[in-house]
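Structure file my_file-v5.txt; described as compact mmCIF, C-alpha atoms and all ligand atoms.
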# COMPACT_ATOMS: atom_id res chain seq x y z
CA MET A 1 48.82 -30.85 -55.44
CA PRO A 2 48.64 -28.12 -52.79
CA GLY A 3 45.13 -27.75 -51.44
CA GLN A 4 44.00 -31.21 -52.47
CA ALA A 5 41.37 -33.02 -50.37
CA VAL A 6 42.73 -34.45 -47.14
CA LEU A 7 42.37 -38.21 -47.10
CA LEU A 8 43.23 -40.52 -44.26
CA PRO A 9 46.21 -42.58 -45.30
CA SER A 10 45.31 -46.09 -46.34
CA ASN A 11 48.55 -47.37 -44.91
CA ILE A 12 48.62 -47.33 -41.14
CA ILE A 13 51.13 -49.92 -40.00
CA ARG A 14 50.24 -51.22 -36.55
CA LEU A 15 52.93 -53.01 -34.59
CA LYS A 16 52.79 -54.67 -31.22
CA THR A 17 56.41 -53.99 -30.32
CA VAL A 18 59.15 -52.10 -32.13
CA ASP A 19 62.41 -50.47 -31.12
CA SER A 20 61.18 -47.04 -32.21
CA THR A 21 58.36 -46.11 -34.56
CA ASN A 22 60.61 -43.30 -35.84
CA THR A 23 63.37 -45.76 -36.80
CA TYR A 24 60.82 -47.96 -38.55
CA ALA A 25 59.22 -45.03 -40.38
CA LYS A 26 62.62 -43.66 -41.46
CA ALA A 27 63.48 -47.00 -43.03
CA LEU A 28 60.17 -46.91 -44.89
CA ALA A 29 60.79 -43.33 -46.02
CA LYS A 30 64.19 -44.30 -47.42
CA GLU A 31 62.51 -47.09 -49.37
CA GLY A 32 60.10 -44.57 -50.88
CA ALA A 33 57.03 -44.84 -48.63
CA ALA A 34 54.25 -42.43 -49.58
CA SER A 35 53.59 -39.22 -47.70
CA GLY A 36 51.03 -39.95 -44.98
CA THR A 37 52.33 -43.44 -44.17
CA VAL A 38 51.82 -43.97 -40.45
CA VAL A 39 53.55 -46.38 -38.08
CA CYS A 40 52.16 -46.94 -34.61
CA ALA A 41 53.06 -49.41 -31.91
CA GLU A 42 51.70 -50.57 -28.60
CA GLU A 43 55.18 -50.64 -27.14
CA GLN A 44 58.67 -49.36 -27.97
CA THR A 45 61.83 -50.91 -26.60
CA ALA A 46 64.09 -47.99 -27.57
CA GLY A 47 61.79 -44.97 -27.90
CA ARG A 48 63.71 -41.78 -28.55
CA GLY A 49 63.11 -38.25 -27.39
CA ARG A 50 64.78 -35.00 -28.37
CA GLN A 51 68.37 -34.18 -27.48
CA GLY A 52 69.35 -37.82 -27.10
CA ASN A 53 66.82 -38.52 -24.36
CA SER A 54 64.91 -41.76 -24.26
CA TRP A 55 61.11 -41.77 -24.35
CA VAL A 56 59.42 -44.02 -21.84
CA SER A 57 56.97 -46.03 -23.92
CA ILE A 58 54.17 -47.52 -21.88
CA PRO A 59 51.33 -49.54 -23.49
CA GLY A 60 48.14 -47.48 -23.56
CA ASN A 61 49.94 -44.32 -24.64
CA LEU A 62 50.04 -43.19 -28.26
CA LEU A 63 53.33 -43.95 -29.99
CA MET A 64 53.26 -43.00 -33.64
CA SER A 65 55.32 -41.70 -36.52
CA ILE A 66 54.22 -40.30 -39.85
CA VAL A 67 56.24 -40.02 -43.05
CA LEU A 68 55.73 -36.70 -44.82
CA ARG A 69 57.00 -35.44 -48.14
CA PRO A 70 55.96 -31.80 -47.86
CA ARG A 71 56.16 -29.62 -50.92
CA ILE A 72 58.07 -26.87 -49.19
CA LYS A 73 61.64 -25.52 -49.24
CA ALA A 74 64.03 -27.73 -47.27
CA SER A 75 65.05 -24.65 -45.25
CA ASP A 76 61.47 -24.35 -43.92
CA ILE A 77 61.38 -27.84 -42.48
CA GLY A 78 61.80 -26.56 -38.89
CA GLN A 79 58.29 -25.08 -39.15
CA LEU A 80 56.98 -28.61 -38.96
CA SER A 81 57.64 -28.57 -35.20
CA PHE A 82 55.06 -25.83 -34.78
CA LEU A 83 52.65 -27.43 -37.22
CA SER A 84 52.79 -30.74 -35.31
CA ALA A 85 52.29 -29.00 -31.97
CA VAL A 86 49.27 -27.10 -33.33
CA ALA A 87 47.81 -30.35 -34.71
CA LEU A 88 48.18 -31.95 -31.29
CA ALA A 89 46.64 -28.93 -29.58
CA ASN A 90 43.65 -28.97 -31.94
CA VAL A 91 43.02 -32.62 -31.11
CA LEU A 92 43.59 -32.39 -27.37
CA GLU A 93 41.42 -29.30 -26.97
CA ASN A 94 38.52 -31.31 -28.34
CA VAL A 95 38.84 -34.05 -25.76
CA LEU A 96 40.02 -32.23 -22.63
CA PRO A 97 37.75 -30.76 -19.99
CA SER A 98 37.41 -27.01 -20.49
CA ALA A 99 39.25 -26.26 -17.24
CA ALA A 100 42.46 -27.88 -18.52
CA LYS A 101 45.13 -25.34 -19.49
CA LEU A 102 46.81 -26.37 -22.73
CA GLU A 103 49.95 -24.53 -23.84
CA LEU A 104 52.66 -24.97 -26.43
CA LYS A 105 56.25 -24.60 -25.33
CA TRP A 106 58.87 -23.60 -27.86
CA PRO A 107 59.79 -25.32 -30.00
CA ASN A 108 57.44 -28.31 -29.78
CA ASP A 109 56.29 -29.47 -26.37
CA VAL A 110 52.64 -29.75 -25.42
CA LEU A 111 51.90 -28.84 -21.82
CA ILE A 112 48.68 -29.37 -19.92
CA ASN A 113 48.41 -27.63 -16.57
CA ASP A 114 52.15 -26.87 -16.82
CA LYS A 115 53.16 -30.51 -17.27
CA LYS A 116 54.31 -32.29 -20.39
CA ALA A 117 51.56 -34.33 -22.04
CA ALA A 118 53.11 -35.06 -25.43
CA GLY A 119 56.42 -34.86 -27.23
CA ILE A 120 57.42 -34.50 -30.85
CA LEU A 121 60.59 -35.77 -32.49
CA ILE A 122 61.24 -34.71 -36.08
CA GLU A 123 63.89 -36.53 -38.05
CA THR A 124 65.13 -36.22 -41.61
CA GLU A 125 68.37 -36.96 -43.38
CA GLY A 126 70.33 -35.06 -46.00
CA HIS A 127 68.67 -35.34 -49.37
CA GLY A 128 67.83 -33.14 -52.29
CA GLU A 129 64.85 -30.80 -52.28
CA SER A 130 63.05 -32.96 -54.84
CA SER A 131 63.13 -36.01 -52.55
CA LEU A 132 62.54 -34.28 -49.22
CA TRP A 133 61.09 -36.60 -46.61
CA VAL A 134 60.66 -36.16 -42.91
CA VAL A 135 59.43 -38.38 -40.12
CA VAL A 136 57.38 -36.79 -37.35
CA GLY A 137 57.27 -38.99 -34.25
CA ILE A 138 54.69 -38.20 -31.60
CA GLY A 139 54.19 -39.66 -28.16
CA VAL A 140 51.04 -38.73 -26.23
CA ASN A 141 50.61 -39.67 -22.58
CA ILE A 142 47.14 -41.13 -22.62
CA THR A 143 46.88 -43.66 -19.80
CA HIS A 144 50.30 -43.27 -18.16
CA ALA A 145 52.69 -40.42 -17.46
CA PRO A 146 56.29 -40.53 -16.30
CA PRO A 147 57.11 -38.54 -13.13
CA ASN A 148 56.48 -34.78 -13.51
CA ALA A 149 54.39 -35.32 -16.65
CA VAL A 150 50.64 -35.65 -17.09
CA CYS A 151 48.36 -38.04 -18.97
CA LEU A 152 44.88 -37.56 -20.41
CA TYR A 153 43.37 -40.23 -18.21
CA ASP A 154 44.38 -38.38 -15.04
CA LEU A 155 42.72 -35.26 -16.44
CA GLY A 156 39.41 -37.09 -16.73
CA VAL A 157 39.63 -38.14 -20.37
CA LYS A 158 38.39 -41.73 -20.22
CA THR A 159 36.60 -42.23 -23.53
CA TYR A 160 39.42 -41.50 -25.99
CA GLY A 161 42.21 -44.03 -26.28
CA ALA A 162 45.32 -44.16 -28.45
CA GLU A 163 43.37 -45.30 -31.52
CA GLU A 164 40.87 -42.42 -31.43
CA ILE A 165 43.59 -39.84 -30.78
CA LEU A 166 45.70 -41.32 -33.60
CA GLU A 167 42.90 -40.99 -36.13
CA MET A 168 42.12 -37.39 -35.19
CA LEU A 169 45.79 -36.47 -35.12
CA VAL A 170 46.58 -37.87 -38.55
CA LYS A 171 43.64 -35.93 -40.02
CA GLN A 172 44.84 -32.74 -38.32
CA MET A 173 48.44 -33.23 -39.45
CA LEU A 174 47.52 -33.85 -43.08
CA GLY A 175 45.07 -30.94 -43.08
CA LEU A 176 47.66 -28.53 -41.69
CA VAL A 177 50.36 -29.77 -44.07
CA ALA A 178 48.01 -28.95 -46.96
CA VAL A 179 47.48 -25.43 -45.54
CA TRP A 180 51.24 -25.03 -45.03
CA GLU A 181 52.04 -26.11 -48.58
CA GLN A 182 49.44 -23.82 -50.06
CA ASP A 183 49.50 -20.72 -47.85
CA GLY A 184 52.83 -20.89 -46.04
CA PHE A 185 53.58 -20.66 -42.34
CA ALA A 186 51.60 -17.56 -41.28
CA SER A 187 48.37 -19.17 -40.02
CA ILE A 188 50.24 -21.98 -38.28
CA ARG A 189 52.51 -19.45 -36.58
CA HIS A 190 49.43 -17.52 -35.47
CA ALA A 191 47.73 -20.65 -34.10
CA TRP A 192 50.90 -21.61 -32.23
CA LEU A 193 51.37 -18.13 -30.72
CA LYS A 194 47.77 -18.11 -29.43
CA ARG A 195 48.73 -21.00 -27.15
CA ALA A 196 52.37 -20.09 -26.51
CA TYR A 197 53.76 -20.88 -23.08
CA ARG A 198 55.18 -17.78 -21.29
CA LEU A 199 54.71 -15.42 -24.21
CA GLY A 200 55.46 -11.90 -22.98
CA GLU A 201 57.20 -13.20 -19.87
CA THR A 202 60.85 -13.36 -18.90
CA ILE A 203 62.26 -16.74 -19.74
CA MET A 204 65.58 -18.47 -19.97
CA ALA A 205 66.63 -20.07 -23.22
CA ARG A 206 69.33 -22.66 -22.95
CA LEU A 207 71.37 -22.77 -26.12
CA PRO A 208 74.22 -25.09 -27.00
CA GLN A 209 76.84 -22.52 -25.95
CA GLU A 210 75.04 -20.17 -23.56
CA THR A 211 71.93 -19.47 -21.53
CA LEU A 212 70.01 -16.30 -22.39
CA THR A 213 67.47 -14.45 -20.27
CA GLY A 214 64.93 -12.07 -21.75
CA VAL A 215 61.31 -11.39 -22.58
CA PHE A 216 59.77 -13.89 -24.99
CA GLU A 217 58.37 -11.53 -27.63
CA GLY A 218 57.17 -14.03 -30.21
CA LEU A 219 58.26 -15.95 -33.27
CA ASP A 220 59.69 -14.47 -36.44
CA ALA A 221 58.17 -15.33 -39.81
CA ALA A 222 60.26 -18.50 -40.02
CA GLY A 223 59.61 -19.77 -36.48
CA ALA A 224 62.72 -18.55 -34.63
CA LEU A 225 62.16 -17.38 -31.06
CA LEU A 226 62.47 -13.63 -30.43
CA LEU A 227 63.97 -12.73 -27.08
CA ARG A 228 64.39 -9.14 -25.80
CA ALA A 229 67.39 -8.90 -23.47
CA SER A 230 67.50 -6.42 -20.56
CA ASP A 231 69.92 -4.18 -22.54
CA GLY A 232 67.20 -3.76 -25.16
CA SER A 233 68.83 -5.91 -27.80
CA GLN A 234 66.83 -8.60 -29.57
CA ARG A 235 68.10 -12.13 -30.01
CA ILE A 236 66.74 -14.45 -32.66
CA ILE A 237 67.05 -18.03 -31.49
CA ASN A 238 66.87 -20.83 -33.99
CA SER A 239 67.64 -23.77 -31.79
CA GLY A 240 67.82 -24.57 -28.12
CA GLU A 241 65.33 -25.13 -25.41
CA VAL A 242 63.21 -22.82 -23.29
CA TYR A 243 62.76 -23.87 -19.75
CA ALA A 244 61.33 -22.47 -16.51
CA GLY A 245 60.43 -18.80 -16.65
CA LEU A 246 61.62 -16.25 -14.12
CA THR A 247 59.52 -13.87 -12.08
C1 LIG A 301 60.47 -35.39 -26.87
O1 LIG A 301 61.62 -35.52 -26.44
O2 LIG A 301 59.65 -34.65 -26.31
C2 LIG A 301 60.03 -36.11 -28.10
C3 LIG A 301 59.46 -37.46 -27.80
C4 LIG A 301 58.96 -38.20 -29.02
C5 LIG A 301 58.50 -39.60 -28.68
C6 LIG A 301 57.87 -40.30 -29.84
S1 LIG A 301 57.07 -41.80 -29.36
C7 LIG A 301 56.85 -42.23 -31.03
C8 LIG A 301 58.11 -41.81 -31.78
N1 LIG A 301 59.11 -42.87 -31.74
C9 LIG A 301 60.18 -42.51 -31.04
O3 LIG A 301 61.17 -43.22 -30.83
N2 LIG A 301 60.03 -41.26 -30.58
C10 LIG A 301 58.78 -40.68 -31.00

Now, as a test, write the supplied structure out as structure tokens.
Amino acid sequence: MPGQAVLLPSNIIRLKTVDSTNTYAKALAKEGAASGTVVCAEEQTAGRGRQGNSWVSIPGNLLMSIVLRPRIKASDIGQLSFLSAVALANVLENVLPSAAKLELKWPNDVLINDKKAAGILIETEGHGESSLWVVVGIGVNITHAPPNAVCLYDLGVKTYGAEEILEMLVKQMLGLVAVWEQDGFASIRHAWLKRAYRLGETIMARLPQETLTGVFEGLDAAGALLLRASDGSQRIINSGEVYAGLT
């Protein structure tokens, strides 16, 4: 029921090594696993990132996936990117020193001091609205960061490990999913925009067929990026990737 109490899932599956927690969680979802089922691993041998990238999976970092069966329209599923990023931000803001600058980069990267600290990979497969499931995979750099990224440990966070972050994150995710199901996307959109990377600045958006330059004006009600081009026209971007801003 929308608005029901948020319980921690009883089923957290903890693995030492797995190819990818997302692959494992997707198999569980297909077998009917309950919403809130969590898979986490100490190590992944074939961790996946977005756009076909691999995700370097070092022990000590958080590697987790959660199965969700949100009671929303299938066409709104993209909003889960923003919801997951806001959940991560809510957790990380509680553990980071106040001087750390945390920002959310469209559509779902978490940056601290301009470097990537966490990534989100959302996967689902064609199915009817009544059996909608989605797997949200999250990697958080806790003790190690690949080149050009950042980890919590290097920012002075020494007392929260993967287990503590996992517990807080699952609570946040389930709480926000309940809000989303009951009230829609508006408050999640607002929370995301408050921390948006380069909002109001000129950015480049790399799309599958073209690269667009314009002022990042915000998100529309569904989560698409609004870009104002120099000729005054507005572009609504549903997919792609924003990268370095311009001056
Ligand atoms: C990105 O490209 O930013 C998304 C990275 C997502 C990585 C996580 S780690 C846990 C889960 N299992 C995977 O194979 N990928 C996600």

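Distance annotation: of A:Lys116, A:Val110, A:Gly137, A:Gln79, the residue with the minimal separation from ligand LIG 301 (chain A) is A:Gly137; atom set is all atoms listed in the file.
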
Contacts of Ala87 in chain A within 7 Å, all atoms listed in the file, excl. fewer than 6 positions in-chain, as a PDB file with C-alpha atoms, in the frame of the given file:
ATOM      1  CA  LEU A 169      45.790 -36.470 -35.120  1.00  0.00           C
ATOM      2  CA  GLN A 172      44.840 -32.740 -38.320  1.00  0.00           C
ATOM      3  CA  MET A 173      48.440 -33.230 -39.450  1.00  0.00           C
TER       4      MET A 173
END

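Note that CA of Met64 in chain A and CA of Lys105 in chain A are 20.4 Å apart.
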
Nearest to ligand LIG 301 (chain A), restricted to only C-alpha atoms and all ligand atoms and choosing among A:Thr211, A:Ser233, A:Asn53, A:Ser187, comes out as A:Asn53

Who sits within 7 Å of Thr17 in chain A, only C-alpha atoms, same chain under 3 positions skipped, as a PyMOL selection string
chain A and resi 41-44

Kindly provide, as a ChimeraX atom specification, all nucleotide and amino acid residues lying within 8 Å of ligand LIG 301 (chain A), counting all atoms listed in the file.
/A:19-23,40,44,46-51,53-55,57,62-65,108-109,118-121,136-140

Write out, as a PDB file, in the coordinates of the input, the residues just selected, with C-alpha atoms.
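File written: again.pdb
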ATOM      1  CA  ASP A  19      62.410 -50.470 -31.120  1.00  0.00           C
ATOM      2  CA  SER A  20      61.180 -47.040 -32.210  1.00  0.00           C
ATOM      3  CA  THR A  21      58.360 -46.110 -34.560  1.00  0.00           C
ATOM      4  CA  ASN A  22      60.610 -43.300 -35.840  1.00  0.00           C
ATOM      5  CA  THR A  23      63.370 -45.760 -36.800  1.00  0.00           C
ATOM      6  CA  CYS A  40      52.160 -46.940 -34.610  1.00  0.00           C
ATOM      7  CA  GLN A  44      58.670 -49.360 -27.970  1.00  0.00           C
ATOM      8  CA  ALA A  46      64.090 -47.990 -27.570  1.00  0.00           C
ATOM      9  CA  GLY A  47      61.790 -44.970 -27.900  1.00  0.00           C
ATOM     10  CA  ARG A  48      63.710 -41.780 -28.550  1.00  0.00           C
ATOM     11  CA  GLY A  49      63.110 -38.250 -27.390  1.00  0.00           C
ATOM     12  CA  ARG A  50      64.780 -35.000 -28.370  1.00  0.00           C
ATOM     13  CA  GLN A  51      68.370 -34.180 -27.480  1.00  0.00           C
ATOM     14  CA  ASN A  53      66.820 -38.520 -24.360  1.00  0.00           C
ATOM     15  CA  SER A  54      64.910 -41.760 -24.260  1.00  0.00           C
ATOM     16  CA  TRP A  55      61.110 -41.770 -24.350  1.00  0.00           C
ATOM     17  CA  SER A  57      56.970 -46.030 -23.920  1.00  0.00           C
ATOM     18  CA  LEU A  62      50.040 -43.190 -28.260  1.00  0.00           C
ATOM     19  CA  LEU A  63      53.330 -43.950 -29.990  1.00  0.00           C
ATOM     20  CA  MET A  64      53.260 -43.000 -33.640  1.00  0.00           C
ATOM     21  CA  SER A  65      55.320 -41.700 -36.520  1.00  0.00           C
ATOM     22  CA  ASN A 108      57.440 -28.310 -29.780  1.00  0.00           C
ATOM     23  CA  ASP A 109      56.290 -29.470 -26.370  1.00  0.00           C
ATOM     24  CA  ALA A 118      53.110 -35.060 -25.430  1.00  0.00           C
ATOM     25  CA  GLY A 119      56.420 -34.860 -27.230  1.00  0.00           C
ATOM     26  CA  ILE A 120      57.420 -34.500 -30.850  1.00  0.00           C
ATOM     27  CA  LEU A 121      60.590 -35.770 -32.490  1.00  0.00           C
ATOM     28  CA  VAL A 136      57.380 -36.790 -37.350  1.00  0.00           C
ATOM     29  CA  GLY A 137      57.270 -38.990 -34.250  1.00  0.00           C
ATOM     30  CA  ILE A 138      54.690 -38.200 -31.600  1.00  0.00           C
ATOM     31  CA  GLY A 139      54.190 -39.660 -28.160  1.00  0.00           C
ATOM     32  CA  VAL A 140      51.040 -38.730 -26.230  1.00  0.00           C
TER      33      VAL A 140
END

Ref. answer, residues at most 12 Å from (38.8, -35.9, -26.0) with only C-alpha atoms, as an MDAnalysis selection string:
chainID A and resid 88:98 100 142 152:153 155:166 168:169

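Our summary of the geometry notes that CA of Lys101 in chain A is positioned 22.9 Å from CA of Val170 in chain A.
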
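One distance worth recording is that between CA of Gln182 in chain A and CA of Arg195 in chain A, which is 23.1 Å.
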
Of the candidates A:Val215, A:Leu225, A:Val150, A:Leu132, which one gets nearest to Lys115 in chain A if we count only C-alpha atoms?
A:Val150

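Ranking A:Arg69, A:Val177, A:Asn148, A:Asp220 by their shortest atom-to-atom distance to Asn113 in chain A, with all atoms listed in the file included, puts A:Asn148 first.
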
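Remark: for Trp133 in chain A, the closest of the candidate residues A:Ala186, A:Leu227, A:Ala178, A:Ala27 is A:Ala27 (distances computed over only C-alpha atoms).
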
Measuring atom to atom with only C-alpha atoms, identify which of A:Leu111, A:Ile203, A:Leu174, A:Leu15 is nearest to Ile66 in chain A.
A:Leu174
